[in-house]
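Chemist: Submitted below is the structure of interest, expressed as structure tokens.
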Amino acid sequence: MTRRRAAIFISGRGSNMAALLAAMADPAFPAEAALVLSNDPAAKGLETARAAGVPAEAVDHRAFRGDRAAFEAAMGARLAAHEVDLVCLAGFMRLLTPGFVSAWRDRMVNIHPSLLPAFPGLRTHERALEAGVAFHGCTVHLVRPEMDSGPILGQAMLHVKPGEAPDDLAVRVLALEHRLYPAALSAFLRGELRPEGEQILPGPLALAG
């Protein structure tokens with residue numbers, strides 16, 4: 001099996017990045033960590049990646065204010081330099097242009113802290129509690145130009161506790177994210193989950209909390 005060369009995009013501490021790095025350290029995993037890339041040179045996750053022996057670089061988005069195309073071209077140059085053929089978004093807090101996303105169609109994966117299509121965007125845990133849902137969780141999906149959209153590779157679900165605070169719910173969901181992301185990515189890269197248009201066959205991976 002030829003392992004895919006993955007870049008992991010982060011903006012902060014990179015806890016999902018760390019989960020992916022741990023999985024990719026196993027030679028049997030179908031991807032290897034070729035690069036960790038951040039839009040913030042001060043992102044804590046860069047230190048974590050370097051400590052794990054993974055190349056870690058930053059393209060500061062603030063240097064490209066008002067020119068998203070130039071920012072993405074700079075990131076693309078880093079991807080090319082490291083011969084990356086797979087992008088994993090792991091807490092990357094910048095919206096990518098349709099052109100960049102389309103260039104990586106079915107080769108860019110994201111994790112989102114809700115059961116999409118419910119609660120795209122930010123403040124997912126607060127919004128879920130405000131809506132009174134009984135179940136909450138996280139989603140791994142292929143990336144499309146629309147925010148938090150694309151064929152779903154896997155979801156992990158848990159019961160919301162009565163009176164639960166958003167921060168407590170976030171901690172429980174994050175633990176699910178760390179399990180789901182490597183599992184769904186592995187199944188996708190092994191061909192156990194395959195995209196057919198905007199569907200995933202034979203169906204998304206499902207985990208329970």
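By convention here, the chains of the structure tokens are called A, B, ... in the order presented, each chain's residues are numbered starting at 1, and ligands are numbered starting at 1 in the order presented.
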Quick one: contact table of segment 165-207 of chain A to segment 132-155 of chain A, 7 Å max, nearest atom pair and distance in Å to one decimal per residue, counting only C-alpha atoms, chain and number order, as JSON lines?
Modeler:
```
{"residue": "A:Val173", "atom": "CA", "partner": "A:Gly137", "partner_atom": "CA", "distance": 5.6}
{"residue": "A:Glu177", "atom": "CA", "partner": "A:Cys138", "partner_atom": "CA", "distance": 6.3}
{"residue": "A:Tyr181", "atom": "CA", "partner": "A:Val140", "partner_atom": "CA", "distance": 6.3}
{"residue": "A:Ala184", "atom": "CA", "partner": "A:Gly154", "partner_atom": "CA", "distance": 5.6}
{"residue": "A:Leu193", "atom": "CA", "partner": "A:Leu153", "partner_atom": "CA", "distance": 7.0}
{"residue": "A:Glu198", "atom": "CA", "partner": "A:Pro151", "partner_atom": "CA", "distance": 5.3}
{"residue": "A:Gln199", "atom": "CA", "partner": "A:Pro151", "partner_atom": "CA", "distance": 5.5}
{"residue": "A:Ile200", "atom": "CA", "partner": "A:Pro151", "partner_atom": "CA", "distance": 6.1}
{"residue": "A:Pro204", "atom": "CA", "partner": "A:Gly154", "partner_atom": "CA", "distance": 4.6}
{"residue": "A:Leu205", "atom": "CA", "partner": "A:Gly154", "partner_atom": "CA", "distance": 4.2}
{"residue": "A:Ala206", "atom": "CA", "partner": "A:Gln155", "partner_atom": "CA", "distance": 5.1}
{"residue": "A:Leu207", "atom": "CA", "partner": "A:Gln155", "partner_atom": "CA", "distance": 6.3}
```
Chemist: Can you write just those residues out, N, CA and C atoms, as a PDB file, in the first residue's frame?
Modeler:
```pdb
ATOM      1  N   VAL A 173     -17.409  16.014  23.290  1.00  0.00           N
ATOM      2  CA  VAL A 173     -17.402  15.914  21.834  1.00  0.00           C
ATOM      3  C   VAL A 173     -15.973  15.838  21.308  1.00  0.00           C
ATOM      4  N   GLU A 177     -14.147  13.385  18.627  1.00  0.00           N
ATOM      5  CA  GLU A 177     -13.424  13.838  17.437  1.00  0.00           C
ATOM      6  C   GLU A 177     -12.099  13.102  17.296  1.00  0.00           C
ATOM      7  N   TYR A 181     -11.864  11.035  13.702  1.00  0.00           N
ATOM      8  CA  TYR A 181     -11.093  11.540  12.563  1.00  0.00           C
ATOM      9  C   TYR A 181     -10.137  10.478  11.998  1.00  0.00           C
ATOM     10  N   ALA A 184     -12.310   7.511  10.371  1.00  0.00           N
ATOM     11  CA  ALA A 184     -12.983   7.830   9.115  1.00  0.00           C
ATOM     12  C   ALA A 184     -11.972   8.056   8.000  1.00  0.00           C
ATOM     13  N   LEU A 193     -14.783   3.466   2.210  1.00  0.00           N
ATOM     14  CA  LEU A 193     -15.775   4.514   1.975  1.00  0.00           C
ATOM     15  C   LEU A 193     -15.368   5.201   0.675  1.00  0.00           C
ATOM     16  N   GLU A 198     -22.066  13.237  -4.627  1.00  0.00           N
ATOM     17  CA  GLU A 198     -22.136  13.833  -3.299  1.00  0.00           C
ATOM     18  C   GLU A 198     -22.573  12.828  -2.233  1.00  0.00           C
ATOM     19  N   GLN A 199     -22.466  11.553  -2.539  1.00  0.00           N
ATOM     20  CA  GLN A 199     -22.794  10.510  -1.590  1.00  0.00           C
ATOM     21  C   GLN A 199     -21.539   9.702  -1.254  1.00  0.00           C
ATOM     22  N   ILE A 200     -21.560   9.061  -0.088  1.00  0.00           N
ATOM     23  CA  ILE A 200     -20.492   8.160   0.321  1.00  0.00           C
ATOM     24  C   ILE A 200     -21.069   6.756   0.397  1.00  0.00           C
ATOM     25  N   PRO A 204     -21.794   6.396   5.568  1.00  0.00           N
ATOM     26  CA  PRO A 204     -20.816   6.954   6.518  1.00  0.00           C
ATOM     27  C   PRO A 204     -20.539   6.028   7.683  1.00  0.00           C
ATOM     28  N   LEU A 205     -19.309   6.106   8.167  1.00  0.00           N
ATOM     29  CA  LEU A 205     -18.920   5.418   9.393  1.00  0.00           C
ATOM     30  C   LEU A 205     -19.682   6.043  10.556  1.00  0.00           C
ATOM     31  N   ALA A 206     -20.103   5.222  11.505  1.00  0.00           N
ATOM     32  CA  ALA A 206     -20.855   5.718  12.668  1.00  0.00           C
ATOM     33  C   ALA A 206     -20.193   5.201  13.946  1.00  0.00           C
ATOM     34  N   LEU A 207     -19.912   6.147  14.854  1.00  0.00           N
ATOM     35  CA  LEU A 207     -19.388   5.806  16.171  1.00  0.00           C
ATOM     36  C   LEU A 207     -20.314   6.368  17.232  1.00  0.00           C
TER      37      LEU A 207
END
```
Chemist: Step one, run DSSP on the backbone; step two, keep only residues of segment 121-193 of chain A assigned to helix (DSSP H, G or I); then write them as a PyMOL selection string.
Modeler: chain A and resi 124-131+166-189
Chemist: For the selection you just gave me, I'd like the residues written to a file as a JSON list (two decimals), in the first residue's frame, keeping N, CA and C atoms.
Modeler:
```json
[["chain", "number", "residue", "atom", "x", "y", "z"],
["A", 124, "THR", "N", -21.04, 25.78, 18.00],
["A", 124, "THR", "CA", -21.91, 24.63, 17.76],
["A", 124, "THR", "C", -22.50, 24.07, 19.05],
["A", 125, "HIS", "N", -21.70, 24.01, 20.11],
["A", 125, "HIS", "CA", -22.20, 23.39, 21.34],
["A", 125, "HIS", "C", -23.26, 24.27, 22.01],
["A", 126, "GLU", "N", -23.01, 25.57, 22.04],
["A", 126, "GLU", "CA", -24.01, 26.49, 22.60],
["A", 126, "GLU", "C", -25.31, 26.43, 21.80],
["A", 127, "ARG", "N", -25.19, 26.42, 20.49],
["A", 127, "ARG", "CA", -26.39, 26.41, 19.64],
["A", 127, "ARG", "C", -27.15, 25.09, 19.78],
["A", 128, "ALA", "N", -26.43, 23.98, 19.94],
["A", 128, "ALA", "CA", -27.09, 22.70, 20.12],
["A", 128, "ALA", "C", -27.88, 22.68, 21.43],
["A", 129, "LEU", "N", -27.28, 23.21, 22.49],
["A", 129, "LEU", "CA", -27.98, 23.25, 23.77],
["A", 129, "LEU", "C", -29.17, 24.20, 23.73],
["A", 130, "GLU", "N", -29.00, 25.34, 23.06],
["A", 130, "GLU", "CA", -30.11, 26.29, 22.93],
["A", 130, "GLU", "C", -31.28, 25.68, 22.16],
["A", 131, "ALA", "N", -30.95, 24.80, 21.21],
["A", 131, "ALA", "CA", -31.99, 24.16, 20.41],
["A", 131, "ALA", "C", -32.65, 22.99, 21.14],
["A", 166, "PRO", "N", -22.09, 24.19, 28.03],
["A", 166, "PRO", "CA", -21.41, 24.10, 26.73],
["A", 166, "PRO", "C", -19.97, 23.61, 26.83],
["A", 167, "ASP", "N", -19.24, 24.10, 27.83],
["A", 167, "ASP", "CA", -17.83, 23.69, 27.95],
["A", 167, "ASP", "C", -17.71, 22.20, 28.24],
["A", 168, "ASP", "N", -18.61, 21.67, 29.07],
["A", 168, "ASP", "CA", -18.57, 20.24, 29.39],
["A", 168, "ASP", "C", -18.93, 19.42, 28.16],
["A", 169, "LEU", "N", -19.92, 19.88, 27.40],
["A", 169, "LEU", "CA", -20.30, 19.18, 26.18],
["A", 169, "LEU", "C", -19.15, 19.21, 25.18],
["A", 170, "ALA", "N", -18.46, 20.34, 25.08],
["A", 170, "ALA", "CA", -17.33, 20.46, 24.16],
["A", 170, "ALA", "C", -16.24, 19.45, 24.48],
["A", 171, "VAL", "N", -15.96, 19.24, 25.76],
["A", 171, "VAL", "CA", -14.93, 18.29, 26.17],
["A", 171, "VAL", "C", -15.31, 16.88, 25.73],
["A", 172, "ARG", "N", -16.58, 16.52, 25.92],
["A", 172, "ARG", "CA", -17.01, 15.17, 25.55],
["A", 172, "ARG", "C", -16.99, 14.99, 24.04],
["A", 173, "VAL", "N", -17.41, 16.01, 23.29],
["A", 173, "VAL", "CA", -17.40, 15.91, 21.83],
["A", 173, "VAL", "C", -15.97, 15.84, 21.31],
["A", 174, "LEU", "N", -15.07, 16.60, 21.91],
["A", 174, "LEU", "CA", -13.68, 16.58, 21.46],
["A", 174, "LEU", "C", -13.07, 15.19, 21.59],
["A", 175, "ALA", "N", -13.41, 14.49, 22.64],
["A", 175, "ALA", "CA", -12.92, 13.11, 22.79],
["A", 175, "ALA", "C", -13.42, 12.23, 21.65],
["A", 176, "LEU", "N", -14.65, 12.46, 21.22],
["A", 176, "LEU", "CA", -15.18, 11.73, 20.07],
["A", 176, "LEU", "C", -14.45, 12.11, 18.79],
["A", 177, "GLU", "N", -14.15, 13.39, 18.63],
["A", 177, "GLU", "CA", -13.42, 13.84, 17.44],
["A", 177, "GLU", "C", -12.10, 13.10, 17.30],
["A", 178, "HIS", "N", -11.40, 12.94, 18.42],
["A", 178, "HIS", "CA", -10.09, 12.30, 18.38],
["A", 178, "HIS", "C", -10.18, 10.84, 17.96],
["A", 179, "ARG", "N", -11.31, 10.20, 18.22],
["A", 179, "ARG", "CA", -11.52, 8.82, 17.77],
["A", 179, "ARG", "C", -12.00, 8.77, 16.33],
["A", 180, "LEU", "N", -12.92, 9.67, 15.99],
["A", 180, "LEU", "CA", -13.57, 9.60, 14.69],
["A", 180, "LEU", "C", -12.64, 9.97, 13.54],
["A", 181, "TYR", "N", -11.86, 11.03, 13.70],
["A", 181, "TYR", "CA", -11.09, 11.54, 12.56],
["A", 181, "TYR", "C", -10.14, 10.48, 12.00],
["A", 182, "PRO", "N", -9.28, 9.86, 12.82],
["A", 182, "PRO", "CA", -8.40, 8.84, 12.26],
["A", 182, "PRO", "C", -9.16, 7.64, 11.68],
["A", 183, "ALA", "N", -10.26, 7.25, 12.33],
["A", 183, "ALA", "CA", -11.01, 6.08, 11.86],
["A", 183, "ALA", "C", -11.66, 6.35, 10.51],
["A", 184, "ALA", "N", -12.31, 7.51, 10.37],
["A", 184, "ALA", "CA", -12.98, 7.83, 9.11],
["A", 184, "ALA", "C", -11.97, 8.06, 8.00],
["A", 185, "LEU", "N", -10.86, 8.73, 8.32],
["A", 185, "LEU", "CA", -9.84, 8.97, 7.30],
["A", 185, "LEU", "C", -9.24, 7.66, 6.82],
["A", 186, "SER", "N", -8.96, 6.76, 7.73],
["A", 186, "SER", "CA", -8.40, 5.47, 7.36],
["A", 186, "SER", "C", -9.35, 4.68, 6.46],
["A", 187, "ALA", "N", -10.62, 4.65, 6.84],
["A", 187, "ALA", "CA", -11.60, 3.92, 6.03],
["A", 187, "ALA", "C", -11.72, 4.51, 4.63],
["A", 188, "PHE", "N", -11.67, 5.83, 4.53],
["A", 188, "PHE", "CA", -11.74, 6.49, 3.24],
["A", 188, "PHE", "C", -10.53, 6.15, 2.37],
["A", 189, "LEU", "N", -9.35, 6.26, 2.94],
["A", 189, "LEU", "CA", -8.14, 6.04, 2.16],
["A", 189, "LEU", "C", -7.96, 4.58, 1.78]]
```
Chemist: Using only C-alpha atoms, determine which residues lie at most 7 Å from segment 54-64 of chain A, disregarding the query and same-chain residues fewer than 3 positions distant; provide the list as a list of chain:residue names.
Modeler: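 Listed by chain and then number, they are A:Ala33, A:Ala34, A:Leu35, A:Val36, A:Leu37, A:Ser38, A:Asn39, A:Asp40, A:Pro41, A:Leu46, A:Ala49, A:Arg50, A:Asp67, A:Arg68, A:Ala70, A:Phe71, A:Ala74, A:Met75.
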Chemist: In Å, how far is it from atom CA of Ala165 of chain A to atom CA of Ala118 of chain A?
Modeler: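 Distance reported for this atom pair: 19.0 Å.
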Chemist: Just give me the gap between atom CA of Leu116 of chain A and atom CA of Thr48 of chain A in Å, one decimal is fine.
Modeler: 29.0 Å
Chemist: Could you check which of A:Ala6, A:Ala22, A:Val101, A:Ala28 is closest to Glu72 of chain A, using only C-alpha atoms?
Modeler: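 Closest to Glu72 of chain A, using only C-alpha atoms: A:Val101.
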Chemist: Would you return as a list in words the members of segment 62-183 of chain A that DSSP assigns to strand (DSSP E) on this structure's backbone?
Modeler: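 Going through segment 62-183 of chain A, the strand (DSSP E) residues come out as Leu86, Val87, Cys88, Leu89, Met108, Val109, Asn110, Ile111, His112, Phe135, His136, Gly137, Cys138, Thr139, Val140, His141, Leu142, Ile152, Leu153, Gly154, Gln155, Ala156, Met157, Leu158 and His159 of chain A.
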